[in-house]
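> What follows is a single structure, and I will ask about it in a moment.
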Amino acid sequence: MNTDFIRVKSLEGELKLSQMKSQFGCSITTKELVFLKPHHSYQIQLSDIISMVPHQVESRPMTFYPQASKEEKVVASFGNNYYKVSVDKVKIYNRSGTFERGKMDFIVPLSQKILEHVAQYSNLMLFT
């Protein structure tokens with residue numbers, strides 16, 4: 001796990017799934033969803049999720065100049081399915097402390113398993 005992640009120690013509910021990558025982590029319990037990224041963690045009660053809808057992340061070509069004189073284009077590609085998660089309130093953990101914030105949107109990569117758990121433990125319905 002990335003050592004820059006701030007762990008949320010007081011999870012509510014039973015942990016069902018935790019997925020970690022180098023720059024993003026996601027955990028779900030029977031009561032909440034937690035997003036982890038370096039230096040910030042976001043704790044969201046499942047009852048505070050307003051909606052989760054697929055979101056298309058556009059990749060932009062980037063141009064760089066290698067030692068040769070010709071240009072070479074590099075296109076970023078994202079292998080995960082991204083979702084826009086709208087919430088009523090969120091608890092934010094960072095190096096300065098813990099803060100609560102009102103309405104907020106997240107654009108995050110979520111696996112099918114996370115979505116299934118959200119559908120099972122929240123009042124949201126999964127449409128495939």
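Residue numbering restarts at 1 in every chain; chains get A, B, ... in the order shown in the structure tokens, and ligands count up from 1 in that same order.
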Could you give me, as JSON lines, every segment 5-47 of chain A residue with an atom at most 10 Å from segment 100-106 of chain A, plus its closest atom pair and distance in Å to one decimal, counting only C-alpha atoms, rows ordered by chain then number?

```
{"residue": "A:Phe35", "atom": "CA", "partner": "A:Phe106", "partner_atom": "CA", "distance": 9.4}
{"residue": "A:Tyr42", "atom": "CA", "partner": "A:Glu100", "partner_atom": "CA", "distance": 9.6}
{"residue": "A:Gln43", "atom": "CA", "partner": "A:Glu100", "partner_atom": "CA", "distance": 9.5}
```
> Excluding same-chain residues fewer than 4 positions from Gly13 of chain A, what lies within 9 Å of it counting only C-alpha atoms, as a list in words?
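Near Gly13 of chain A, the qualifying residues are Thr29, Thr30, Lys31 and Glu32 of chain A.
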> Output N, CA, C and O atoms of each residue in that selection to a file, as a PDB file, in the first residue's frame.

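Okay, again-v1.pdb is ready:
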```pdb
ATOM      1  N   THR A  29     -17.661  -0.965   3.184  1.00  0.00           N
ATOM      2  CA  THR A  29     -18.200  -1.743   4.291  1.00  0.00           C
ATOM      3  C   THR A  29     -19.705  -1.820   4.089  1.00  0.00           C
ATOM      4  O   THR A  29     -20.235  -1.288   3.099  1.00  0.00           O
ATOM      5  N   THR A  30     -20.391  -2.425   5.021  1.00  0.00           N
ATOM      6  CA  THR A  30     -21.850  -2.498   4.923  1.00  0.00           C
ATOM      7  C   THR A  30     -22.510  -1.140   5.149  1.00  0.00           C
ATOM      8  O   THR A  30     -23.690  -0.980   4.880  1.00  0.00           O
ATOM      9  N   LYS A  31     -21.728  -0.134   5.588  1.00  0.00           N
ATOM     10  CA  LYS A  31     -22.302   1.186   5.873  1.00  0.00           C
ATOM     11  C   LYS A  31     -21.637   2.356   5.167  1.00  0.00           C
ATOM     12  O   LYS A  31     -22.206   3.434   5.109  1.00  0.00           O
ATOM     13  N   GLU A  32     -20.411   2.150   4.638  1.00  0.00           N
ATOM     14  CA  GLU A  32     -19.722   3.303   4.063  1.00  0.00           C
ATOM     15  C   GLU A  32     -18.752   2.929   2.953  1.00  0.00           C
ATOM     16  O   GLU A  32     -18.376   1.771   2.784  1.00  0.00           O
TER      17      GLU A  32
END
```
> In Å to one decimal, how far is atom CA of Ala119 of chain A from atom CA of Thr98 of chain A?
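Between atom CA of Thr98 of chain A and atom CA of Ala119 of chain A the gap works out to 27.6 Å.
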> I want to know what sits within 12 Å of Leu46 of chain A, based on only C-alpha atoms, with residues of the same chain fewer than 5 positions away left out; could you give that as a list in words?
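Answer for this query is Glu12, Gly13, Ser27, Ile28, Thr29, Thr30, Lys31, Glu32, Leu33, Val34, Ser51, Met52, Val85, Ser86, Val87, Asp88, Lys89, Val90, Leu115, His117, Val118, Ala119, Gln120, Tyr121, Ser122, Asn123 and Leu124 of chain A.
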> What does the distance from atom CA of Glu58 of chain A to atom CA of Thr3 of chain A come to in Å, to one decimal?
29.0 Å
> Which residues come within 8 Å of Phe24 of chain A, counting only C-alpha atoms, excluding same-chain residues fewer than 6 positions away, as a list of chain:residue names?
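Once the nearby chain positions are removed, what remains is A:Phe35, A:Leu36, A:Lys37, A:Pro38.
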> Which residue is closest to Pro54 of chain A? Choose from A:Lys9, A:Gly25, A:Glu116, A:Lys84 and count only C-alpha atoms.
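Answer, going by the shortest atom-to-atom distance: A:Lys84.
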> Tell me, in Å to one decimal, how far atom CA of Tyr82 of chain A is from atom CA of Gln56 of chain A.
6.6 Å
